[in-house]
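J.: Input: one structure, supplied below.
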Amino acid sequence: QMDIYQCGDEAARQLPVSFDEWENRAKEILAAAPFGYVYGAAGAGDTHRGNVDAFQKYRIRPRVCCDITKRDLSVSIFGTQFPVPFLLAPIGVNTILHPDGELAPAKAAAKCGVPYILSNVSSVSMEQVAEAAGDGVRWFQLYPPKDHELTKSFLKRAESAGFKAIVVTVDSTLLGWRETDLRNAYLPFLTGQGMGNYFSDPVFCSKLKEAPDKNVKAAALKALEEGNNTCFTWKELDFIREHTRLPLLIKGITHPDDALLALEHGVDGIIVSNHGGRQLDGAVATLDVLPSISESIRGKIPILMDSGIRRGADILKAIALGATAVLIGRPYAYAMAVAGEAGVEEVIKHLVAETELQLAISGRGSIQDVDPSLILKVK
Ligand code: FNR
């Protein structure tokens, strides 16, 4: 980790270091509407603030005089060993942030050995992302469409393009009340951004009166309609389960009873998430619900967690409370806006180094040694 300090030359330091700096720099660079799209949260922003604040309820209680010469951040998920305990969360419409779109985070993640979860509503199609990511581990996130044929097509394409797991997001069958976007009259999808997977899909295109490029808005509206899958129930999840042999994760769980139902319906992993506070305002913070979900799942399947992770300390707290690994969202989105692939790589490297240092200074040599004894609830 000394490299981080020793290589801190002029050129490197032209990039921000902390989350707040990345966010401020992104705000300077981006137009108000795309910045607001990333920054924004639902309603009064209570869920978003609560996610971040929840980490202050816990403090790390270090042990000393432990041999921390050897340090291991790796975690195992579905039998695959990953070098670090975090993944890049699915974030859609990346061309509003950088012209390379999802190719930037996909390449940076592959370079660093961090799994990348590609959003269903990516600007770039999953096949193009797969090509750019090469051997990098990638998962595909699905907003379950209403049409089963379209669902099957997305699943089949993801499998053919080498995605290694399917993440079904269940907290967004309707878009949350986002006042920043209302104020800016901004819904990027309507200009065709975020439609990379839809507009390249034969099943989707066969449902249109004319090709997507002939009437972008009509095609985008049709895609959004598919995504407003308000009749999505556990039975629909069964359909997805039956139509993929890949590990299946459910994203957007915050209640232990839903976690148990998901387990009954055959998922292989749970992602405790409230979409970074972008969907339901006034909802519980994910860190607050993690212990009860962990208790109900009892180690049967991995539990991942996101919403509010900003630092190495946050990652360790989440793992201490039962997460196998975490997802990061806005931190890499801002970095992409500022410096594309290089920005995402910088954020990943800093997070890895910070997590490793935090782990070691807290007296633990490996992520496997992180358990509830690492932390103390103070509020
Ligand atoms: C998201 N998120 C998201 N989730 C998902 O399942 N599919 C998606 O397409 C998107 N798109 C998206 C866009 C933007 C701009 C943001 C900020 C978030 C939610 C994302 O995967 C993750 O749950 C949160 O970002 C985690 O919270 P933090 O790290 O941003 O606080």
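Simple scheme: letters A, B, ... for chains in structure tokens order, numbers from 1 for residues in each chain, numbers from 1 for ligands in the order shown.
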Looking only at the backbone, which of the residues in region 157-366 of chain A does DSSP tag as alpha helix (DSSP H), as a ChimeraX atom specification?

T.: /A:157-160,179-183,196-199,202-206,216-227,234-242,256-264,286-297,312-320,330-361

J.: Return as a PyMOL selection string every polymer residue, whether protein, DNA or RNA, with at least one atom no more than 9 Å from an atom of ligand 1; count only C-alpha atoms and all ligand atoms.

T.: chain A and resi 34-41+48+51-52+88-94+117-122+141-143+167-172+194+251-252+271-278+305-310+327-333

J.: To one decimal place in Å, what is the distance between CA of Gly365 (chain A) and CA of Val326 (chain A)?

T.: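 That distance, rounded to one decimal, is 18.9 Å.
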
J.: What is the CA of Trp234 (chain A) to CA of Gly299 (chain A) distance in Å?

T.: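 CA of Trp234 (chain A) sits 21.9 Å away from CA of Gly299 (chain A).
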
J.: Distance CA of Val344 (chain A)-CA of Leu374 (chain A), one decimal place?

T.: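 It comes out at 29.0 Å.
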
J.: Can you work out which one of A:Ile4, A:Ala342, A:Leu280, A:Leu321 has the shortest atom-to-atom distance to Ala109 (chain A), counting only C-alpha atoms?

T.: A:Ala342

J.: What are the nearest atom pairs, with distances in Å to one decimal, for all residues of region 113-148 of chain A that come at most 8 Å from region 61-82 of chain A, using only C-alpha atoms, set out by chain and rising residue number as a tab-separated table?

T.:
residue	atom	partner	partner_atom	distance
A:Gly113	CA	A:Phe82	CA	7.2
A:Val114	CA	A:Phe82	CA	7.1
A:Pro115	CA	A:Phe82	CA	7.8

J.: Would you put the residues from that selection into a file with C-alpha atoms, as a PDB file, in the first residue's frame?

T.:
ATOM      1  CA  GLY A 113     -10.226  -8.354 -10.900  1.00  0.00           C
ATOM      2  CA  VAL A 114     -13.405  -6.830  -9.474  1.00  0.00           C
ATOM      3  CA  PRO A 115     -16.719  -8.304 -10.681  1.00  0.00           C
TER       4      PRO A 115
END
